[in-house]
Amino acid sequence: MGKLRVGVIFGGRSPEHEVSLLSAASVLRAIDRERFEVVPIGITREGKWLLTGDPMRVLAEGVVKDKGPRLALLADPEGRALVRLDQASEGRAPAEGGTGCGEGAAFERLDVIFPVLHGPYGEDGCVQGLLELAGIPYVGAGVLASAVGMDKAVMKALFVQRGLPVARHRVVLRSEVEAGEEGLVALLEREFGYPCFTKPAGMGSSVGVTKAHDREELRRGLAEACRYDRKVLVEEAISGRELECSVLGNRQPLASAVGEIVPGREFYDYRAKYRDEGTQLLVPAPIPERVASRVQELAVAAFLAIDCSGMARVDFFYRPQDEAVLVNEINTIPGFTAISMYPRLWAEAGLSMKELVTRLIELALERHADRARSLSVFQPPP
Ligand SMILES: Nc1ncnc2c1ncn2[C@@H]1O[C@H](COP(=O)(O)OP(=O)(O)O)[C@@H](O)[C@H]1O
Ligand SMILES: [Mg+2]
C-alpha cells in the first residue's frame with residue numbers, strides 16, 4: 001500500500017493564526033514520513049486556501065502569505081480532493097495522484113486531513129463541516145463537539161447536565177451589555193463579587209479574557225469580551241491551581257498524566273501563554289494521586305459529555321483547601337507546539353509525538369469508517 005496523503009491545514013481566520021503555525025510546525029516535524037505523505041495547506045488571515053511550498057519556511061514567517069497556488073475544497077464527496085484553482089481553467093490533465101473526477105482541473109487527492117487550526121473557523125466546526133461535505137476523514141472532533149468546544153456557554157451547560165463540577169457563571173449577551181443598564185453590572189456584582197472573570201464565549205488563548213477587581217474593571221471587561229463575541233461569560237474567580245489533562249481516543253478515550261500550569265502572571269492570559277518566560281509547565285503535576293485520578297476521570301467524562309472524538313485537552317481548577325476539582329474547559333484542537341501540554345502529557349505516558357500523530361490519523365480513519373456505516377437515506381428495516 002502506498003503512503004497515505006495527509007493534508008495538514010494551518011493558519012486561518014483567527015487571532016490564533018500564529019499559534020496554529022507553531023503547532024503545525026511541530027506536527028510536520030513529527031509526522032512519520034515513512035507512512036504519510038504530507039500536503040501542506042495554509043489558510044491566510046483573509047481565509048484564502050493555498051498550497052504552500054516548503055511549509056517550514058512559511059511557518060517560520062509566522063503568517064501564511066498570499067502566495068502559492070490557490071486551493072478549494074469541493075463540498076462534494078466524490079473527489080476527496082482539493083482543486084488547484086490556478087490550473088482549473090487551463091485545461092490540464094489531473095495532476096499525478098489526482099482523482100480524474102473532472103476534466104481540465106488539477107487535484108490534490110487527500111486520504112485524511114489534520115486541521116491544525118485554533119480558534120474560530122478552524123476549531124469551531126466550520127472547517128469540520130466542510131470536510132464532512134467533502135467526505136474526507138479528518139483528525140479530531142466532529143462538527144458538534146467542535147462547535148460545543150468553542151462555545152463556553154453551551155459547553156458548560158452540557159458539563160452541568162452531566163453533573164460535572166464547574167465554576168458559578170452566567171451568560172450575558174452583547175445586546176444586554178450594550179443596552180448599558182446599570183442593573184446588569186449591579187446584578188453581576190451581587191452574584192459573583194470581586195474578583196470575577198469575563199470572557200467571550202467563543203474564543204481561546206485567553207483572547208478577551210479579563211479579571212475584574214472592581215466595578216470599573218468589570219464594565220471594561222464586559223466591553224472587551226463583547227469585542228470578540230455576541231455571548232459573554234461572567235464567572236466567579238476560583239483561587240486555586242490550574243491542571244490540564246490530555247484525552248486521546250474515540251469511543252473509549254484514554255486520559256494522560258496530569259500537568260500543571262504555573263502562570264508567571266496574575267492569571268494565564270495571552271502573554272503568559274505565548275510571550276512570558278515566567279510561565280511554568282509542570283509534568284506531572286505535584287498533586288496527590290487521588291486528585292490526579294479525579295482529574296483523569298473528569299477529563300474523560302468531559303470528553304464524552306460533548307461527544308468528542310480523537311483528541312482534546314481538558315483544563316481544570318484545583319482548590320487545595322477543600323480538594324475541589326472544577327472543569328474549566330475543553331479544547332478540541334489543543335496547542336501542539338514542541339512545548340505544549342497536550343503532546344508533553346502523552347510523552348510523559350510514553351507516547352512520542354510521532355506515535356501520537358500516527359494514532360490521531362488512525363482515529364480519524366476509524367471515526368470516518370464508523371460514520372459511514374450510518375444510513376443517510378430511509379431504508380425499511382430488513
Ligand atoms: N473562573 C476563573 N477563576 C480563576 N481563573 C480563571 C477563571 N476563568 C479563567 N481564568 C484564568 O484565565 C485563563 C483563560 O481562561 P479560559 O476560560 O481558560 O479561556 P481560554 O479558552 O481563552 O483559555 C485561565 O487559564 C485562568 O488562568
Ligand atoms: Mg484555557
# chains A, B, ... in the order shown; residues from 1 in each chain; ligands from 1
call {"tool": "residues_near_ligand", "arguments": {"ligand": "ligand 1", "cutoff": "9 Å", "atoms": "only C-alpha atoms and all ligand atoms", "output": "PyMOL selection string"}}
result
chain A and resi 119+150+152+166-169+195-211+234-242+261-263+265-270+273+315-317+328-331
call {"tool": "write_last_selection", "arguments": {"atoms": "N, CA and C atoms", "output": "tab-separated table (two decimals), in the first residue's frame"}}
result
chain	number	residue	atom	x	y	z
A	119	GLY	N	-9.07	28.13	17.33
A	119	GLY	CA	-10.00	29.25	17.39
A	119	GLY	C	-11.06	29.23	16.30
A	150	MET	N	-16.03	25.18	21.33
A	150	MET	CA	-15.68	26.60	21.11
A	150	MET	C	-16.69	27.52	21.77
A	152	LYS	N	-18.16	28.37	25.21
A	152	LYS	CA	-18.06	28.10	26.64
A	152	LYS	C	-19.42	28.05	27.33
A	166	VAL	N	-18.38	22.72	37.84
A	166	VAL	CA	-17.82	23.89	37.13
A	166	VAL	C	-17.97	25.12	38.03
A	167	ALA	N	-17.24	26.18	37.70
A	167	ALA	CA	-17.36	27.43	38.46
A	167	ALA	C	-18.74	28.05	38.21
A	168	ARG	N	-19.25	28.80	39.20
A	168	ARG	CA	-20.53	29.51	39.00
A	168	ARG	C	-20.35	30.53	37.89
A	169	HIS	N	-21.31	30.61	37.02
A	169	HIS	CA	-21.16	31.52	35.88
A	169	HIS	C	-22.52	31.98	35.38
A	195	PRO	N	-12.67	39.31	43.06
A	195	PRO	CA	-12.54	39.42	41.60
A	195	PRO	C	-13.49	38.44	40.89
A	196	CYS	N	-13.79	38.76	39.63
A	196	CYS	CA	-14.53	37.82	38.80
A	196	CYS	C	-13.96	37.88	37.39
A	197	PHE	N	-14.30	36.90	36.58
A	197	PHE	CA	-13.76	36.82	35.22
A	197	PHE	C	-14.83	37.10	34.18
A	198	THR	N	-14.42	37.78	33.11
A	198	THR	CA	-15.31	37.95	31.96
A	198	THR	C	-14.58	37.37	30.75
A	199	LYS	N	-15.29	36.66	29.91
A	199	LYS	CA	-14.66	36.09	28.72
A	199	LYS	C	-15.66	35.93	27.58
A	200	PRO	N	-15.17	36.09	26.34
A	200	PRO	CA	-16.05	35.82	25.21
A	200	PRO	C	-16.34	34.32	25.17
A	201	ALA	N	-17.56	33.93	24.80
A	201	ALA	CA	-17.91	32.51	24.79
A	201	ALA	C	-17.08	31.75	23.76
A	202	GLY	N	-16.83	32.38	22.62
A	202	GLY	CA	-16.21	31.62	21.52
A	202	GLY	C	-14.83	32.07	21.16
A	203	MET	N	-13.90	31.96	22.05
A	203	MET	CA	-12.53	32.35	21.73
A	203	MET	C	-11.61	31.38	22.46
A	204	GLY	N	-10.31	31.60	22.37
A	204	GLY	CA	-9.36	30.75	23.07
A	204	GLY	C	-8.09	31.53	23.28
A	205	SER	N	-7.07	30.87	23.80
A	205	SER	CA	-5.78	31.51	24.06
A	205	SER	C	-5.92	32.74	24.95
A	206	SER	N	-6.96	32.78	25.76
A	206	SER	CA	-7.21	33.89	26.69
A	206	SER	C	-7.52	35.20	25.99
A	207	VAL	N	-7.78	35.16	24.69
A	207	VAL	CA	-8.12	36.39	23.97
A	207	VAL	C	-9.44	36.93	24.53
A	208	GLY	N	-9.43	38.17	24.98
A	208	GLY	CA	-10.64	38.80	25.50
A	208	GLY	C	-11.00	38.41	26.93
A	209	VAL	N	-10.14	37.64	27.60
A	209	VAL	CA	-10.41	37.23	28.98
A	209	VAL	C	-9.85	38.27	29.95
A	210	THR	N	-10.66	38.70	30.89
A	210	THR	CA	-10.22	39.73	31.84
A	210	THR	C	-10.62	39.36	33.26
A	211	LYS	N	-9.77	39.75	34.19
A	211	LYS	CA	-10.10	39.56	35.61
A	211	LYS	C	-10.47	40.93	36.16
A	234	VAL	N	-19.63	35.49	32.48
A	234	VAL	CA	-19.11	36.09	33.69
A	234	VAL	C	-19.01	34.95	34.70
A	235	GLU	N	-17.88	34.90	35.41
A	235	GLU	CA	-17.63	33.74	36.27
A	235	GLU	C	-17.04	34.15	37.60
A	236	GLU	N	-17.38	33.40	38.62
A	236	GLU	CA	-16.69	33.60	39.90
A	236	GLU	C	-15.21	33.26	39.68
A	237	ALA	N	-14.33	33.95	40.38
A	237	ALA	CA	-12.91	33.64	40.28
A	237	ALA	C	-12.62	32.47	41.23
A	238	ILE	N	-11.95	31.47	40.71
A	238	ILE	CA	-11.56	30.34	41.55
A	238	ILE	C	-10.12	30.58	41.96
A	239	SER	N	-9.89	30.62	43.26
A	239	SER	CA	-8.48	30.79	43.62
A	239	SER	C	-7.91	29.41	43.91
A	240	GLY	N	-7.07	29.00	42.97
A	240	GLY	CA	-6.54	27.64	43.08
A	240	GLY	C	-5.48	27.44	42.03
A	241	ARG	N	-5.18	26.20	41.76
A	241	ARG	CA	-4.15	25.88	40.79
A	241	ARG	C	-4.80	25.43	39.47
A	242	GLU	N	-4.03	25.47	38.39
A	242	GLU	CA	-4.58	25.08	37.09
A	242	GLU	C	-3.94	23.78	36.61
A	261	ILE	N	-0.12	24.11	35.18
A	261	ILE	CA	0.35	25.37	34.61
A	261	ILE	C	0.58	26.33	35.77
A	262	VAL	N	1.76	26.89	35.83
A	262	VAL	CA	2.00	27.92	36.84
A	262	VAL	C	2.31	29.22	36.10
A	263	PRO	N	1.27	30.06	35.90
A	263	PRO	CA	1.47	31.27	35.11
A	263	PRO	C	2.41	32.23	35.82
A	265	ARG	N	2.15	35.26	35.55
A	265	ARG	CA	1.39	36.50	35.72
A	265	ARG	C	0.18	36.23	36.60
A	266	GLU	N	-0.66	37.26	36.79
A	266	GLU	CA	-1.79	37.11	37.73
A	266	GLU	C	-2.71	35.97	37.31
A	267	PHE	N	-2.93	35.81	36.02
A	267	PHE	CA	-3.61	34.61	35.55
A	267	PHE	C	-3.01	34.22	34.22
A	268	TYR	N	-3.50	33.14	33.64
A	268	TYR	CA	-2.89	32.56	32.45
A	268	TYR	C	-3.44	33.30	31.23
A	269	ASP	N	-3.02	34.54	31.06
A	269	ASP	CA	-3.53	35.34	29.95
A	269	ASP	C	-2.70	35.11	28.68
A	270	TYR	N	-3.03	35.85	27.62
A	270	TYR	CA	-2.36	35.62	26.33
A	270	TYR	C	-0.85	35.75	26.46
A	273	LYS	N	0.73	32.88	28.14
A	273	LYS	CA	0.73	31.68	27.31
A	273	LYS	C	1.84	31.68	26.26
A	315	ASP	N	-9.10	21.26	30.78
A	315	ASP	CA	-8.43	22.14	31.75
A	315	ASP	C	-9.26	22.28	33.02
A	316	PHE	N	-8.56	22.33	34.13
A	316	PHE	CA	-9.22	22.30	35.44
A	316	PHE	C	-8.70	23.38	36.37
A	317	PHE	N	-9.53	23.68	37.38
A	317	PHE	CA	-9.06	24.42	38.56
A	317	PHE	C	-9.04	23.42	39.71
A	328	ASN	N	-12.76	23.53	33.86
A	328	ASN	CA	-12.85	24.87	33.28
A	328	ASN	C	-13.28	24.81	31.84
A	329	GLU	N	-12.57	24.04	31.02
A	329	GLU	CA	-12.94	24.00	29.61
A	329	GLU	C	-12.31	22.80	28.92
A	330	ILE	N	-12.83	22.54	27.72
A	330	ILE	CA	-12.25	21.50	26.88
A	330	ILE	C	-11.80	22.16	25.59
A	331	ASN	N	-10.63	21.79	25.11
A	331	ASN	CA	-10.09	22.32	23.85
A	331	ASN	C	-9.99	21.18	22.86
call {"tool": "select_by_dssp", "arguments": {"residues": "segment 40-148 of chain A", "states": "strand (DSSP E)", "output": "PyMOL selection string"}}
result
chain A and resi 40-43+49-51+71-73+81-84+106-109+112-115
call {"tool": "select_by_dssp", "arguments": {"residues": "segment 234-362 of chain A", "states": "helix (DSSP H, G or I)", "output": "ChimeraX atom specification"}}
result
/A:270-274,289-305,341-348,353-362
call {"tool": "write_last_selection", "arguments": {"atoms": "C-alpha atoms", "output": "short mmCIF file (atom, residue, chain, number, x, y, z; two decimals), in the first residue's frame"}}
result
data_model
loop_
_atom_site.label_atom_id
_atom_site.label_comp_id
_atom_site.auth_asym_id
_atom_site.auth_seq_id
_atom_site.Cartn_x
_atom_site.Cartn_y
_atom_site.Cartn_z
CA TYR A 270 -2.36 35.62 26.33
CA ARG A 271 1.03 36.98 27.34
CA ALA A 272 1.57 34.29 29.93
CA LYS A 273 0.73 31.68 27.31
CA TYR A 274 2.92 32.83 24.44
CA GLU A 289 -2.57 10.66 43.49
CA ARG A 290 -6.29 10.79 44.32
CA VAL A 291 -6.55 14.30 42.85
CA ALA A 292 -4.81 13.14 39.67
CA SER A 293 -7.24 10.22 39.37
CA ARG A 294 -10.19 12.54 39.86
CA VAL A 295 -8.86 14.85 37.13
CA GLN A 296 -8.40 11.93 34.72
CA GLU A 297 -11.89 10.65 35.42
CA LEU A 298 -13.41 14.11 34.88
CA ALA A 299 -11.32 14.64 31.72
CA VAL A 300 -12.82 11.54 30.12
CA ALA A 301 -16.30 12.49 31.36
CA ALA A 302 -15.95 15.99 29.86
CA PHE A 303 -14.77 14.48 26.56
CA LEU A 304 -17.79 12.18 26.44
CA ALA A 305 -20.18 14.94 27.59
CA MET A 341 0.94 20.50 27.26
CA TYR A 342 -1.04 18.13 25.03
CA PRO A 343 1.93 16.28 23.48
CA ARG A 344 4.02 16.66 26.63
CA LEU A 345 1.47 14.83 28.73
CA TRP A 346 1.44 11.97 26.25
CA ALA A 347 5.22 11.92 26.16
CA GLU A 348 5.07 11.50 29.94
CA MET A 353 4.95 12.96 19.24
CA LYS A 354 5.42 10.78 16.16
CA GLU A 355 3.34 7.97 17.63
CA LEU A 356 0.74 10.46 18.79
CA VAL A 357 0.29 11.94 15.30
CA THR A 358 0.02 8.45 13.80
CA ARG A 359 -2.56 7.46 16.40
CA LEU A 360 -4.60 10.60 15.71
CA ILE A 361 -4.65 9.81 11.99
CA GLU A 362 -5.74 6.23 12.70
#
call {"tool": "closest_residue", "arguments": {"among": "A:Arg313, A:Arg220, A:Arg5, A:Arg373", "to": "ligand 2", "atoms": "only C-alpha atoms and all ligand atoms"}}
result
A:Arg313
call {"tool": "closest_residue", "arguments": {"among": "A:Gln280, A:Leu326, A:Phe192, A:Leu28", "to": "Gly163 of chain A", "atoms": "only C-alpha atoms"}}
result
A:Leu326
call {"tool": "atom_distance", "arguments": {"atom1": "atom CA of Asp322 of chain A", "atom2": "atom CA of Val154 of chain A"}}
result
27.4 Å
call {"tool": "atom_distance", "arguments": {"atom1": "atom CA of Leu131 of chain A", "atom2": "atom CA of Leu74 of chain A"}}
result
9.0 Å
call {"tool": "residues_around", "arguments": {"residues": "Gly125 of chain A", "least_positions_apart": "6", "cutoff": "6 Å", "atoms": "only C-alpha atoms", "output": "ChimeraX atom specification"}}
result
/A:143,146-147
call {"tool": "residues_around", "arguments": {"residues": "Thr337 of chain A", "least_positions_apart": "4", "cutoff": "8 Å", "atoms": "only C-alpha atoms", "output": "PyMOL selection string"}}
result
chain A and resi 22-27
call {"tool": "residues_around", "arguments": {"residues": "Gly264 of chain A", "least_positions_apart": "4", "cutoff": "7 Å", "atoms": "only C-alpha atoms", "output": "ChimeraX atom specification"}}
result
/A:272,276,278-279
call {"tool": "write_last_selection", "arguments": {"atoms": "N, CA and C atoms", "output": "PDB file, in the first residue's frame"}}
result
ATOM      1  N   ALA A 272       1.005  35.394  29.148  1.00  0.00           N
ATOM      2  CA  ALA A 272       1.574  34.289  29.930  1.00  0.00           C
ATOM      3  C   ALA A 272       1.684  33.033  29.068  1.00  0.00           C
ATOM      4  N   ASP A 276       5.531  34.929  27.789  1.00  0.00           N
ATOM      5  CA  ASP A 276       6.149  35.082  29.084  1.00  0.00           C
ATOM      6  C   ASP A 276       7.010  33.889  29.446  1.00  0.00           C
ATOM      7  N   GLY A 278       8.183  33.388  32.258  1.00  0.00           N
ATOM      8  CA  GLY A 278       7.942  33.024  33.664  1.00  0.00           C
ATOM      9  C   GLY A 278       6.930  31.914  33.861  1.00  0.00           C
ATOM     10  N   THR A 279       6.171  31.583  32.798  1.00  0.00           N
ATOM     11  CA  THR A 279       5.158  30.542  32.954  1.00  0.00           C
ATOM     12  C   THR A 279       5.819  29.168  32.978  1.00  0.00           C
TER      13      THR A 279
END
call {"tool": "closest_residue", "arguments": {"among": "A:Glu61, A:Glu123, A:Glu216, A:Glu244", "to": "ligand 2", "atoms": "only C-alpha atoms and all ligand atoms"}}
result
A:Glu244
call {"tool": "closest_residue", "arguments": {"among": "A:Val283, A:Val247, A:Ala153, A:Ala312", "to": "Pro334 of chain A", "atoms": "only C-alpha atoms"}}
result
A:Ala312
call {"tool": "atom_distance", "arguments": {"atom1": "atom CA of Leu82 of chain A", "atom2": "atom CA of Pro55 of chain A"}}
result
17.3 Å
call {"tool": "closest_residue", "arguments": {"among": "A:Ile113, A:Ile333, A:Leu218, A:Ala141", "to": "ligand 2", "atoms": "only C-alpha atoms and all ligand atoms"}}
result
A:Ile333
call {"tool": "residues_around", "arguments": {"residues": "segment 178-180 of chain A", "least_positions_apart": "6", "cutoff": "12 Å", "atoms": "only C-alpha atoms", "output": "list in words"}}
result
Val172, Ala186, Arg219, Arg220, Leu222, Ala223, Glu224, Ala225, Cys226, Arg227, Arg230, Lys231 and Val232 of chain A
call {"tool": "decode", "arguments": {"residues": "segment 30-53 of chain A", "atoms": "N, CA and C atoms", "output": "compact mmCIF listing (two decimals), in the first residue's frame"}}
result
# COMPACT_ATOMS: atom_id res chain seq x y z
N ALA A 30 7.08 16.04 13.30
CA ALA A 30 6.93 14.73 13.95
C ALA A 30 6.33 13.65 13.05
N ILE A 31 5.56 14.05 12.06
CA ILE A 31 4.78 13.07 11.30
C ILE A 31 5.69 12.03 10.63
N ASP A 32 5.25 10.79 10.67
CA ASP A 32 6.03 9.67 10.16
C ASP A 32 6.05 9.67 8.63
N ARG A 33 7.16 10.10 8.06
CA ARG A 33 7.26 10.24 6.60
C ARG A 33 7.32 8.89 5.88
N GLU A 34 7.58 7.84 6.63
CA GLU A 34 7.59 6.50 6.01
C GLU A 34 6.16 6.07 5.68
N ARG A 35 5.23 6.55 6.48
CA ARG A 35 3.84 6.14 6.30
C ARG A 35 2.97 7.19 5.63
N PHE A 36 3.36 8.45 5.80
CA PHE A 36 2.49 9.52 5.32
C PHE A 36 3.21 10.48 4.38
N GLU A 37 2.47 10.90 3.37
CA GLU A 37 2.98 11.95 2.50
C GLU A 37 2.20 13.21 2.86
N VAL A 38 2.91 14.29 3.11
CA VAL A 38 2.25 15.49 3.62
C VAL A 38 1.92 16.47 2.50
N VAL A 39 0.71 16.99 2.53
CA VAL A 39 0.33 18.08 1.64
C VAL A 39 0.06 19.30 2.53
N PRO A 40 0.97 20.28 2.55
CA PRO A 40 0.77 21.42 3.44
C PRO A 40 -0.22 22.44 2.86
N ILE A 41 -1.22 22.78 3.65
CA ILE A 41 -2.27 23.69 3.19
C ILE A 41 -2.34 24.87 4.16
N GLY A 42 -2.02 26.05 3.66
CA GLY A 42 -2.07 27.24 4.51
C GLY A 42 -3.34 28.02 4.23
N ILE A 43 -3.95 28.56 5.28
CA ILE A 43 -5.10 29.46 5.10
C ILE A 43 -4.65 30.84 5.56
N THR A 44 -4.80 31.84 4.69
CA THR A 44 -4.37 33.19 5.07
C THR A 44 -5.34 33.76 6.10
N ARG A 45 -4.96 34.87 6.69
CA ARG A 45 -5.84 35.55 7.63
C ARG A 45 -7.16 35.95 7.00
N GLU A 46 -7.12 36.14 5.67
CA GLU A 46 -8.34 36.54 4.95
C GLU A 46 -9.18 35.32 4.59
N GLY A 47 -8.62 34.13 4.78
CA GLY A 47 -9.40 32.92 4.53
C GLY A 47 -9.12 32.24 3.21
N LYS A 48 -8.08 32.66 2.50
CA LYS A 48 -7.71 32.00 1.24
C LYS A 48 -6.95 30.72 1.52
N TRP A 49 -7.31 29.65 0.82
CA TRP A 49 -6.60 28.37 0.98
C TRP A 49 -5.51 28.28 -0.07
N LEU A 50 -4.30 27.95 0.36
CA LEU A 50 -3.16 27.91 -0.55
C LEU A 50 -2.35 26.65 -0.35
N LEU A 51 -1.83 26.17 -1.46
CA LEU A 51 -0.88 25.07 -1.37
C LEU A 51 0.47 25.73 -1.12
N THR A 52 0.97 25.59 0.08
CA THR A 52 2.19 26.31 0.38
C THR A 52 3.37 25.49 -0.12
N GLY A 53 4.45 26.15 -0.41
CA GLY A 53 5.66 25.42 -0.78
C GLY A 53 6.23 24.81 0.48
